[in-house]
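Note: the block below is target.cif and it holds mmCIF, C-alpha atoms and all ligand atoms.
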data_start
#
loop_
_atom_site.label_atom_id
_atom_site.label_comp_id
_atom_site.auth_asym_id
_atom_site.auth_seq_id
_atom_site.Cartn_x
_atom_site.Cartn_y
_atom_site.Cartn_z
CA MET A 1322 -108.23 -41.09 32.69
CA ASN A 1323 -105.22 -40.08 30.67
CA ASP A 1324 -106.18 -36.45 31.28
CA PHE A 1325 -106.21 -37.03 35.02
CA GLU A 1326 -102.84 -38.74 34.87
CA THR A 1327 -101.43 -35.77 32.92
CA ILE A 1328 -102.84 -33.32 35.48
CA ARG A 1329 -101.35 -35.43 38.25
CA ARG A 1330 -97.91 -35.68 36.68
CA ASP A 1331 -97.75 -31.98 35.72
CA THR A 1332 -99.02 -30.78 39.09
CA LEU A 1333 -96.70 -32.98 41.16
CA ALA A 1334 -93.77 -31.98 38.94
CA ALA A 1335 -94.65 -28.30 39.33
CA ILE A 1336 -94.85 -28.73 43.12
CA ALA A 1337 -91.45 -30.38 43.16
CA ALA A 1338 -90.01 -27.58 41.02
CA ALA A 1339 -91.47 -24.68 43.05
CA SER A 1340 -88.59 -22.80 44.68
CA SER A 1341 -90.59 -20.45 46.90
CA ARG A 1342 -93.88 -20.33 48.74
CA GLU A 1343 -95.10 -17.79 46.20
CA ALA A 1344 -94.36 -20.16 43.30
CA LEU A 1345 -96.06 -22.97 45.20
CA GLU A 1346 -99.18 -20.87 45.61
CA GLN A 1347 -99.33 -20.39 41.82
CA VAL A 1348 -99.20 -24.19 41.42
CA ARG A 1349 -102.04 -24.58 43.93
CA ILE A 1350 -104.19 -22.06 42.08
CA ALA A 1351 -103.48 -23.75 38.73
CA ALA A 1352 -104.68 -27.12 40.14
CA LEU A 1353 -107.23 -26.39 42.86
CA GLY A 1354 -108.24 -22.76 42.29
CA ARG A 1355 -111.63 -21.79 40.96
CA LYS A 1356 -110.43 -22.26 37.38
CA GLY A 1357 -107.78 -24.85 38.27
CA ALA A 1358 -107.32 -28.08 36.33
CA ILE A 1359 -108.71 -30.40 39.03
CA THR A 1360 -111.63 -28.08 39.82
CA THR A 1361 -112.50 -27.91 36.12
CA ALA A 1362 -112.31 -31.68 35.79
CA MET A 1363 -114.62 -32.03 38.82
CA LYS A 1364 -117.09 -29.72 37.15
CA GLY A 1365 -116.95 -31.92 34.00
CA LEU A 1366 -118.09 -35.00 35.91
CA GLY A 1367 -121.75 -34.03 35.52
CA ALA A 1368 -121.59 -34.71 31.79
CA LEU A 1369 -120.57 -38.38 32.31
CA ASP A 1370 -122.95 -41.31 32.67
CA PRO A 1371 -123.43 -42.48 36.27
CA GLU A 1372 -121.03 -45.46 36.17
CA ALA A 1373 -118.19 -43.49 34.63
CA ARG A 1374 -118.94 -40.51 36.90
CA LYS A 1375 -118.51 -42.69 39.99
CA ALA A 1376 -115.16 -44.08 38.89
CA ALA A 1377 -113.85 -40.72 37.65
CA GLY A 1378 -115.12 -38.95 40.79
CA ALA A 1379 -113.24 -41.37 43.03
CA THR A 1380 -110.06 -40.92 40.99
CA LEU A 1381 -110.36 -37.14 41.07
CA ASN A 1382 -110.94 -37.13 44.84
CA ARG A 1383 -107.83 -39.22 45.35
CA LEU A 1384 -105.90 -36.91 43.04
CA LYS A 1385 -107.15 -33.86 44.93
CA ASP A 1386 -106.08 -35.34 48.27
CA GLU A 1387 -102.72 -36.36 46.88
CA VAL A 1388 -102.06 -32.90 45.46
CA ALA A 1389 -103.20 -31.24 48.69
CA ALA A 1390 -100.87 -33.43 50.76
CA SER A 1391 -98.01 -32.83 48.37
CA LEU A 1392 -98.63 -29.04 48.51
CA GLU A 1393 -98.57 -29.15 52.29
CA ALA A 1394 -95.33 -31.09 52.44
CA ALA A 1395 -93.74 -28.74 49.92
CA ALA A 1396 -94.91 -25.68 51.86
CA ALA A 1397 -93.31 -27.01 55.03
CA ARG A 1398 -90.08 -27.84 53.22
CA LEU A 1399 -89.92 -24.42 51.52
CA GLY A 1400 -90.73 -22.61 54.77
CA GLU A 1401 -87.77 -24.21 56.47
CA ALA A 1402 -85.52 -23.65 53.48
CA GLN A 1403 -86.55 -20.00 53.20
CA LEU A 1404 -85.99 -19.41 56.91
CA ALA A 1405 -82.62 -21.11 56.71
CA ALA A 1406 -81.70 -19.01 53.66
CA ARG A 1407 -82.74 -15.81 55.45
CA LEU A 1408 -80.80 -16.71 58.57
CA ALA A 1409 -77.77 -17.47 56.45
CA SER A 1410 -77.99 -14.19 54.53
CA GLU A 1411 -78.52 -12.14 57.69
CA ARG A 1412 -75.83 -13.90 59.65
CA VAL A 1413 -73.65 -11.61 61.76
CA ASP A 1414 -70.22 -12.72 62.87
CA VAL A 1415 -70.06 -11.24 66.33
CA THR A 1416 -66.41 -12.18 66.61
CA LEU A 1417 -65.41 -9.75 63.82
CA PRO A 1418 -63.70 -6.53 64.97
CA VAL A 1419 -65.91 -3.42 65.12
CA ALA A 1420 -65.75 -1.09 62.09
CA PRO A 1421 -62.28 0.43 62.43
CA GLU A 1422 -63.36 4.02 61.56
CA PRO A 1423 -66.35 5.02 63.71
CA GLN A 1424 -67.97 8.27 62.56
CA GLY A 1425 -68.47 9.91 65.96
CA ARG A 1426 -65.82 11.71 67.94
CA ILE A 1427 -65.28 12.18 71.68
CA HIS A 1428 -65.28 15.87 72.62
CA PRO A 1429 -61.90 17.09 73.94
CA ILE A 1430 -63.54 18.02 77.27
CA SER A 1431 -64.86 14.49 77.77
CA GLN A 1432 -61.53 13.08 76.65
CA THR A 1433 -59.58 15.30 79.06
CA ILE A 1434 -61.87 14.37 81.96
CA ASP A 1435 -61.40 10.68 81.10
CA GLU A 1436 -57.63 11.16 81.08
CA VAL A 1437 -57.60 12.97 84.42
CA VAL A 1438 -59.84 10.29 85.93
CA ALA A 1439 -57.55 7.56 84.55
CA ILE A 1440 -54.46 9.15 86.14
CA PHE A 1441 -55.99 9.82 89.55
CA GLY A 1442 -57.90 6.54 89.41
CA GLU A 1443 -54.54 4.80 89.19
CA MET A 1444 -53.50 6.65 92.37
CA GLY A 1445 -56.57 5.35 94.23
CA PHE A 1446 -58.91 8.34 93.87
CA THR A 1447 -62.61 7.80 93.23
CA VAL A 1448 -64.94 10.14 91.33
CA ALA A 1449 -67.48 12.24 93.27
CA GLU A 1450 -70.08 14.66 91.93
CA GLY A 1451 -72.33 17.41 93.22
CA PRO A 1452 -75.15 19.70 92.05
CA HIS A 1453 -74.63 22.65 89.70
CA ILE A 1454 -77.03 24.77 91.75
CA GLU A 1455 -75.56 25.32 95.20
CA ASP A 1456 -76.47 27.18 98.34
CA ASP A 1457 -74.36 29.83 99.97
CA PHE A 1458 -73.12 27.47 102.67
CA HIS A 1459 -71.54 24.88 100.36
CA ASN A 1460 -70.21 27.28 97.70
CA PHE A 1461 -68.85 29.93 100.10
CA THR A 1462 -69.39 29.88 103.86
CA ALA A 1463 -68.20 26.35 104.65
CA LEU A 1464 -65.17 27.02 102.44
CA ASN A 1465 -64.18 29.83 104.76
CA ILE A 1466 -65.46 32.57 102.44
CA PRO A 1467 -67.58 34.68 104.83
CA PRO A 1468 -70.30 37.08 103.53
CA GLU A 1469 -68.12 40.20 103.22
CA HIS A 1470 -65.14 38.32 101.74
CA PRO A 1471 -63.77 39.92 98.53
CA ALA A 1472 -63.53 36.48 96.84
CA ARG A 1473 -67.31 36.59 96.51
CA GLN A 1474 -67.04 39.56 94.15
CA GLU A 1475 -64.00 38.19 92.31
CA LEU A 1476 -65.87 35.02 91.47
CA ASP A 1477 -68.53 36.82 89.35
CA THR A 1478 -71.27 34.66 90.74
CA PHE A 1479 -74.53 33.92 88.92
CA TYR A 1480 -77.27 34.21 91.55
CA LEU A 1481 -80.76 32.80 91.29
CA PRO A 1482 -83.69 35.09 92.30
CA GLU A 1483 -83.91 35.78 96.03
CA LYS A 1484 -86.13 33.50 98.08
CA ALA A 1485 -88.70 34.69 100.66
CA ASP A 1486 -86.15 34.38 103.47
CA GLY A 1487 -83.68 36.58 101.55
CA SER A 1488 -81.29 33.73 100.66
CA ARG A 1489 -80.13 33.15 97.12
CA LEU A 1490 -79.00 29.95 95.46
CA VAL A 1491 -75.98 30.19 93.14
CA LEU A 1492 -74.65 28.41 90.08
CA ARG A 1493 -71.54 26.92 91.67
CA THR A 1494 -68.49 29.05 90.93
CA HIS A 1495 -66.08 26.14 91.43
CA THR A 1496 -66.14 22.40 92.17
CA SER A 1497 -64.94 23.05 95.74
CA PRO A 1498 -68.46 22.75 97.28
CA VAL A 1499 -68.18 19.03 96.54
CA GLN A 1500 -65.27 18.95 99.04
CA ILE A 1501 -67.78 20.10 101.67
CA ARG A 1502 -70.50 17.68 100.57
CA THR A 1503 -68.06 14.76 100.66
CA MET A 1504 -66.58 15.62 104.06
CA LEU A 1505 -70.07 16.01 105.53
CA ALA A 1506 -71.18 12.68 104.06
CA GLN A 1507 -68.23 10.39 104.69
CA LYS A 1508 -65.53 9.85 107.22
CA PRO A 1509 -61.80 10.09 106.41
CA PRO A 1510 -59.75 8.67 104.83
CA ILE A 1511 -61.07 10.52 101.76
CA ARG A 1512 -59.53 10.49 98.31
CA ILE A 1513 -61.79 11.96 95.62
CA ILE A 1514 -61.67 13.83 92.36
CA VAL A 1515 -64.64 15.83 91.14
CA PRO A 1516 -64.97 16.65 87.46
CA GLY A 1517 -67.87 18.92 86.59
CA ARG A 1518 -69.38 22.14 85.30
CA THR A 1519 -68.82 25.49 86.93
CA PHE A 1520 -70.21 28.97 86.20
CA ARG A 1521 -68.82 32.49 86.32
CA SER A 1522 -70.08 35.65 84.63
CA ASP A 1523 -67.12 36.12 82.31
CA HIS A 1524 -66.76 35.79 78.54
CA ASP A 1525 -63.73 36.18 76.24
CA ALA A 1526 -61.17 34.03 74.40
CA THR A 1527 -60.00 32.42 77.65
CA HIS A 1528 -63.17 32.66 79.78
CA SER A 1529 -66.62 31.19 79.30
CA PRO A 1530 -69.66 31.65 81.60
CA MET A 1531 -69.84 27.85 81.78
CA PHE A 1532 -66.63 25.87 82.03
CA HIS A 1533 -65.32 22.70 83.68
CA GLN A 1534 -63.08 22.02 86.64
CA VAL A 1535 -61.64 19.00 88.36
CA GLU A 1536 -61.39 19.22 92.11
CA GLY A 1537 -59.24 16.90 94.19
CA LEU A 1538 -59.43 16.22 97.92
CA VAL A 1539 -57.37 13.97 100.17
CA ILE A 1540 -57.99 13.75 103.92
CA ASP A 1541 -56.15 11.38 106.24
CA ARG A 1542 -54.36 11.36 109.56
CA SER A 1543 -50.88 12.08 108.28
CA THR A 1544 -51.41 13.79 104.95
CA HIS A 1545 -48.89 16.58 104.40
CA MET A 1546 -47.59 19.04 101.82
CA GLY A 1547 -45.17 16.41 100.48
CA HIS A 1548 -48.13 14.26 99.44
CA LEU A 1549 -49.70 17.24 97.69
CA LYS A 1550 -46.49 17.93 95.78
CA GLY A 1551 -45.79 14.32 94.85
CA CYS A 1552 -49.34 13.74 93.71
CA LEU A 1553 -49.54 16.86 91.54
CA VAL A 1554 -46.05 16.52 90.02
CA GLU A 1555 -46.93 12.94 89.10
CA PHE A 1556 -50.23 14.09 87.61
CA CYS A 1557 -48.67 16.87 85.49
CA ARG A 1558 -46.01 14.57 84.07
CA ALA A 1559 -48.53 11.83 83.26
CA PHE A 1560 -51.11 14.19 81.78
CA PHE A 1561 -48.73 16.11 79.53
CA ASP A 1562 -46.75 12.94 78.85
CA VAL A 1563 -43.41 14.62 79.57
CA ALA A 1564 -41.40 12.49 82.00
CA ASP A 1565 -39.04 15.28 83.14
CA LEU A 1566 -41.60 18.11 83.05
CA PRO A 1567 -40.51 20.85 85.48
CA VAL A 1568 -43.23 21.61 88.04
CA ARG A 1569 -43.09 24.64 90.36
CA PHE A 1570 -45.14 25.42 93.48
CA ARG A 1571 -45.69 29.15 93.97
CA PRO A 1572 -47.12 30.54 97.23
CA SER A 1573 -50.64 31.80 96.71
CA TYR A 1574 -53.87 32.46 98.54
CA PHE A 1575 -57.25 30.71 98.71
CA PRO A 1576 -59.61 31.18 101.67
CA PHE A 1577 -60.10 27.41 101.97
CA THR A 1578 -56.45 26.30 101.98
CA GLU A 1579 -53.50 27.20 104.18
CA PRO A 1580 -50.79 27.19 102.99
CA SER A 1581 -51.87 27.61 99.37
CA ALA A 1582 -49.84 27.10 96.23
CA GLU A 1583 -50.35 27.69 92.59
CA VAL A 1584 -48.77 25.09 90.34
CA ASP A 1585 -46.81 26.04 87.24
CA ILE A 1586 -45.38 23.74 84.59
CA GLY A 1587 -42.32 24.39 82.47
CA CYS A 1588 -42.73 25.53 78.89
CA SER A 1589 -40.95 27.39 76.15
CA ARG A 1590 -42.34 30.20 74.03
CA ALA A 1591 -39.38 30.33 71.67
CA GLY A 1592 -40.32 31.53 68.19
CA GLY A 1593 -43.81 32.44 69.35
CA GLU A 1594 -44.73 28.77 69.70
CA LEU A 1595 -45.80 27.34 73.04
CA ARG A 1596 -44.20 24.02 73.93
CA ILE A 1597 -44.83 22.16 77.19
CA GLY A 1598 -41.58 20.91 78.78
CA ALA A 1599 -38.28 22.27 80.06
CA GLY A 1600 -37.75 25.64 78.41
CA GLY A 1601 -37.19 28.41 80.94
CA ASP A 1602 -40.77 29.72 80.94
CA TRP A 1603 -43.69 28.88 83.24
CA LEU A 1604 -47.42 28.29 82.78
CA GLU A 1605 -49.91 28.29 85.63
CA ILE A 1606 -52.19 25.28 85.51
CA LEU A 1607 -53.82 24.73 88.89
CA GLY A 1608 -54.55 25.94 92.42
CA SER A 1609 -53.89 23.85 95.50
CA GLY A 1610 -53.18 23.86 99.20
CA MET A 1611 -53.57 22.16 102.56
CA VAL A 1612 -57.24 22.16 103.58
CA HIS A 1613 -57.82 25.05 106.01
CA PRO A 1614 -58.50 23.86 109.60
CA LYS A 1615 -61.69 25.96 109.64
CA VAL A 1616 -62.99 24.09 106.59
CA LEU A 1617 -62.36 20.75 108.33
CA GLN A 1618 -64.13 22.07 111.41
CA ASN A 1619 -67.08 23.30 109.33
CA CYS A 1620 -67.47 19.70 108.18
CA GLY A 1621 -67.18 18.14 111.62
CA ILE A 1622 -63.66 16.84 111.06
CA ASP A 1623 -61.14 17.39 113.89
CA PRO A 1624 -58.16 19.31 112.44
CA GLY A 1625 -56.12 18.09 115.42
CA VAL A 1626 -56.44 14.55 114.05
CA TYR A 1627 -56.90 14.93 110.30
CA GLN A 1628 -55.17 16.98 107.64
CA GLY A 1629 -55.50 17.00 103.92
CA PHE A 1630 -54.86 18.73 100.67
CA ALA A 1631 -57.09 19.98 97.89
CA PHE A 1632 -56.57 21.20 94.36
CA GLY A 1633 -58.63 22.52 91.52
CA MET A 1634 -57.94 23.03 87.84
CA GLY A 1635 -59.72 24.17 84.70
CA ILE A 1636 -60.40 21.34 82.26
CA GLU A 1637 -60.62 23.61 79.20
CA ARG A 1638 -57.34 25.22 80.13
CA ILE A 1639 -55.34 21.98 80.41
CA ALA A 1640 -57.08 20.63 77.28
CA MET A 1641 -56.13 23.78 75.31
CA LEU A 1642 -52.53 23.47 76.47
CA LYS A 1643 -52.23 19.77 75.76
CA TYR A 1644 -54.01 19.74 72.41
CA GLY A 1645 -53.08 23.18 71.09
CA ILE A 1646 -56.64 24.50 70.94
CA PRO A 1647 -56.31 28.28 70.63
CA ASP A 1648 -59.79 29.61 71.49
CA LEU A 1649 -61.89 28.52 74.46
CA ARG A 1650 -65.18 29.53 72.81
CA THR A 1651 -64.80 26.86 70.08
CA PHE A 1652 -65.38 24.16 72.72
CA TYR A 1653 -69.08 25.07 72.82
CA ASP A 1654 -69.73 25.93 69.14
CA SER A 1655 -70.87 22.38 68.26
CA ASP A 1656 -68.99 22.77 64.97
CA LEU A 1657 -68.65 19.27 63.46
CA ARG A 1658 -65.53 20.19 61.47
CA TRP A 1659 -63.90 21.35 64.70
CA LEU A 1660 -64.97 18.16 66.46
CA ARG A 1661 -63.62 15.98 63.65
CA HIS A 1662 -60.31 17.82 63.91
CA TYR A 1663 -59.91 18.01 67.70
CA GLY A 1664 -62.12 15.08 68.73
CA PHE A 1665 -60.99 11.58 69.69
CA LEU A 1666 -61.89 8.14 68.42
CA PRO A 1667 -64.45 6.55 70.73
CA LEU A 1668 -62.58 3.26 70.87
CA ASP A 1669 -59.40 4.84 72.22
CA MET A 1670 -60.31 4.82 75.89
CA PRO A 1671 -57.71 6.66 77.94
CA SER A 1672 -55.97 4.45 80.48
CA MET A 1673 -52.62 4.36 82.21
CA VAL A 1674 -51.78 1.00 80.67
CA GLY A 1675 -53.19 1.55 77.17
CA GLY A 1676 -52.06 5.18 76.81
CA LEU A 1677 -53.93 8.42 77.51
CA SER A 1678 -54.45 9.76 74.00
CA ARG A 1679 -53.29 9.20 70.45
N1 LIG B 1701 -61.57 26.50 93.81
C1 LIG B 1701 -60.37 27.15 93.33
C2 LIG B 1701 -60.73 27.95 92.08
O1 LIG B 1701 -61.77 27.75 91.52
C3 LIG B 1701 -59.29 26.15 93.00
C4 LIG B 1701 -58.77 25.46 94.22
C5 LIG B 1701 -59.36 24.26 94.61
C6 LIG B 1701 -57.73 25.95 94.93
C7 LIG B 1701 -58.86 23.60 95.73
C8 LIG B 1701 -57.22 25.30 96.04
C9 LIG B 1701 -57.81 24.12 96.43
O2 LIG B 1701 -59.96 28.76 91.63
#
Translate the structure described by the file into structure tokens.
Ligand code: PHE
Amino acid sequence: MNDFETIRRDTLAAIAAASSREALEQVRIAALGRKGAITTAMKGLGALDPEARKAAGATLNRLKDEVAASLEAAAARLGEAQLAARLASERVDVTLPVAPEPQGRIHPISQTIDEVVAIFGEMGFTVAEGPHIEDDFHNFTALNIPPEHPARQELDTFYLPEKADGSRLVLRTHTSPVQIRTMLAQKPPIRIIVPGRTFRSDHDATHSPMFHQVEGLVIDRSTHMGHLKGCLVEFCRAFFDVADLPVRFRPSYFPFTEPSAEVDIGCSRAGGELRIGAGGDWLEILGSGMVHPKVLQNCGIDPGVYQGFAFGMGIERIAMLKYGIPDLRTFYDSDLRWLRHYGFLPLDMPSMVGGLSR
């Protein structure tokens, strides 16, 4: 009897002291396992005389039930405690600020596109996109570039293999085909900008066979050259963050605009260093003009009712000027050191209220 009481006291104490389910399992094995104290005592019953065996058997059965119940209660208690401990140790405070130094960087091309979109977005433009592979109609013909037009050669077009009917698809040489797609798909008033990839067979420090442009298009009943000028002057000053940046409109020629103007911004090259701002020198940054009446007609828009302006600029070019990146080819090298140097923090989203870039 005393033995049983000792087993009982020790086992219940061990259960109470167990601090994990693993420890509890060891206590169970020590009491109820094949060689456990209670199991061994049960086996010893056979050696007792019948009267004593009956009394001892009943006591042992009660002890076994008591220990089993106590083990079960302890297991439940420890399970909850362990879960609570795990939840506490893995707790995440979602209100904490995000790690202040993210490892990744935004590529200067993405950053520049975001900045351009932020500026024109503020002016009420929306973003439109079009395919990289175009047909002759959208890339050339509808833009008033007929088959024998010299601009076709100047553009160094990448053609896809000829189809059975003799036509060839092209990698778009500019974002202007999206002007056509938009005018065919929606009615004026139209106010879009189109960032995207463009392709020309050309490769040196300032040309790449794949590069990016942003196209702009505004069509409305009373749109005129003054709107074009105001819009682009405003853009240049916001983008380069120079409030009094001189902007000059120089007569030019594009088949799809009439009149056409190239836009220059003021700069200085004193001491061999290029600085954007008033300085007596000029830098060309974009092409623009009033949409040619034939282009409107090609898109089913009545040039007697609607006018508009369009512009196009090279993203790499304005990024190189703004951020002092000397070689165009480095944009596509995927060099992590370059990206760490010229890239932008992902949490600094360009906006007109928060600032374009830091
Ligand atoms: N598409 C012209 C180019 O690639 C740019 C441009 C767009 C000019 C719209 C005028 C109007 O050079």
(request) Could you give me, as a list in words, the residues that have an atom at most 9 Å away from the point (-48.0, 26.3, 89.9) in the coordinates of the file, using only C-alpha atoms? (result) Val1568, Arg1569, Phe1570, Arg1571, Pro1572, Ala1582, Glu1583, Val1584, Asp1585, Ile1586, Trp1603, Leu1604, Glu1605, Ile1606, Leu1607, Gly1608 and Ser1609 of chain A
(message) To one decimal place in Å, what is the distance between CA of Ala1485 (chain A) and CA of Glu1469 (chain A)?
(response)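 CA of Glu1469 (chain A) lies at a distance of 21.5 Å from CA of Ala1485 (chain A).
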(request) Counting only C-alpha atoms, write as a count of residues only all protein and nucleic acid residues lying at most 7 Å from (-58.7, 13.6, 71.6) in the file's frame. (result) 7
Per residue of chain A within 8 Å of ligand LIG 1701 (chain B), record the nearest atom pair and its distance in Å to one decimal, counting all atoms listed in the file, with rows in chain order and ascending residue number, as CSV.
residue,atom,partner,partner_atom,distance
A:Thr1494,CA,B:LIG1701,O1,6.9
A:His1495,CA,B:LIG1701,O1,4.6
A:Thr1496,CA,B:LIG1701,N1,6.4
A:Ser1497,CA,B:LIG1701,N1,5.2
A:Gln1534,CA,B:LIG1701,O1,7.6
A:Glu1536,CA,B:LIG1701,C5,6.0
A:Gly1537,CA,B:LIG1701,C7,6.9
A:Leu1538,CA,B:LIG1701,C7,7.7
A:Phe1575,CA,B:LIG1701,C8,6.0
A:Phe1577,CA,B:LIG1701,C9,6.8
A:Thr1578,CA,B:LIG1701,C8,6.1
A:Ser1581,CA,B:LIG1701,C8,6.7
A:Ala1582,CA,B:LIG1701,C8,7.6
A:Glu1583,CA,B:LIG1701,C6,7.9
A:Leu1607,CA,B:LIG1701,C3,7.0
A:Gly1608,CA,B:LIG1701,C6,4.1
A:Ser1609,CA,B:LIG1701,C8,3.7
A:Gly1610,CA,B:LIG1701,C8,5.3
A:Met1611,CA,B:LIG1701,C9,7.7
A:Val1612,CA,B:LIG1701,C9,7.4
A:Phe1630,CA,B:LIG1701,C9,7.5
A:Ala1631,CA,B:LIG1701,C9,4.4
A:Phe1632,CA,B:LIG1701,C7,3.6
A:Gly1633,CA,B:LIG1701,C5,3.6
A:Met1634,CA,B:LIG1701,C3,6.2
A:Gly1635,CA,B:LIG1701,O1,8.0
(message) If I take CA of Arg1542 (chain A) and CA of Phe1556 (chain A), how far is one from the other in Å, to one decimal?
(response) 22.5 Å
(request) For Ile1328 (chain A), please output as a PyMOL selection string all residues within 8 Å (counting only C-alpha atoms; exclusion window: fewer than 2 positions along the same chain). (result) chain A and resi 1324-1326+1330-1332+1352+1358-1359
(message) Calculated over all atoms listed in the file, which of the candidates A:Gln1628, A:Thr1503, A:Thr1478, A:Ser1391 has the smallest distance to Thr1447 (chain A)?
(response)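 Of all the options, A:Thr1503 lies closest to Thr1447 (chain A).
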(message) When you look at region 1335-1348 of chain A with a cut-off of 10 Å (counting all atoms listed in the file), what residues show up, excluding the ones that are within fewer than 4 positions of it in the same chain? I need them as a PyMOL selection string.
(response) chain A and resi 1329-1331+1352-1354+1357+1388+1391-1400+1402-1403
(request) Considering all atoms listed in the file, state which residue in the set A:Phe1458, A:Phe1652, A:Phe1560, A:Tyr1627 is at the smallest distance from His1545 (chain A). (result) A:Tyr1627
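Closest approach to Ala1564 (chain A) from the set A:Leu1549, A:Ile1597, A:Ala1439, A:Met1504 is made by A:Ile1597, with distances taken over all atoms listed in the file.
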Please list as a JSON list (two decimals) with C-alpha atoms, in the frame of the given file every residue within 10 Å of Glu1422 (chain A), counting only C-alpha atoms and excluding residues in the same chain fewer than 2 positions away.
[["chain", "number", "residue", "atom", "x", "y", "z"],
["A", 1419, "VAL", "CA", -65.91, -3.42, 65.12],
["A", 1420, "ALA", "CA", -65.75, -1.09, 62.09],
["A", 1424, "GLN", "CA", -67.97, 8.27, 62.56],
["A", 1425, "GLY", "CA", -68.47, 9.91, 65.96],
["A", 1666, "LEU", "CA", -61.89, 8.14, 68.42],
["A", 1667, "PRO", "CA", -64.45, 6.55, 70.73],
["A", 1668, "LEU", "CA", -62.58, 3.26, 70.87]]
Leaving out Asp1648 (chain A) and any residue of its chain fewer than 4 positions from it, which residues lie within 12 Å of it when counting all atoms listed in the file, given as a compact mmCIF listing (two decimals) with C-alpha atoms, in the frame of the given file?
# COMPACT_ATOMS: atom_id res chain seq x y z
CA HIS A 1524 -66.76 35.79 78.54
CA ASP A 1525 -63.73 36.18 76.24
CA ALA A 1526 -61.17 34.03 74.40
CA THR A 1527 -60.00 32.42 77.65
CA HIS A 1528 -63.17 32.66 79.78
CA SER A 1529 -66.62 31.19 79.30
CA GLU A 1637 -60.62 23.61 79.20
CA ARG A 1638 -57.34 25.22 80.13
CA ALA A 1640 -57.08 20.63 77.28
CA MET A 1641 -56.13 23.78 75.31
CA LEU A 1642 -52.53 23.47 76.47
CA TYR A 1644 -54.01 19.74 72.41
CA PHE A 1652 -65.38 24.16 72.72
CA TYR A 1653 -69.08 25.07 72.82
CA ASP A 1654 -69.73 25.93 69.14
CA TRP A 1659 -63.90 21.35 64.70
(message) Please compute the CA of Glu1443 (chain A)-CA of Cys1552 (chain A) distance, one decimal, in Å.
(response)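 Value for the CA of Glu1443 (chain A)-CA of Cys1552 (chain A) distance: 11.3 Å.
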(request) Determine the nearest neighbour of Asn1465 (chain A) from the options A:Leu1649, A:Leu1366, A:Cys1620, A:Ala1405, counting only C-alpha atoms. (result) A:Cys1620
(message) Residues within 8 Å of Phe1461 (chain A), please, as a PyMOL selection string. Count all atoms listed in the file; anything in the same chain fewer than 5 positions from it doesn't count.
(response) chain A and resi 1466-1467+1473+1498
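Nearest to Pro1567 (chain A) of all the residues A:Ile1540, A:Gly1600, A:His1459, A:Ile1513 is A:Gly1600, counting all atoms listed in the file.
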(request) Select, from A:Val1437, A:Pro1576, A:Thr1361, A:Arg1489, the residue with the minimum atom-to-atom distance to His1470 (chain A), counting only C-alpha atoms. (result) A:Pro1576
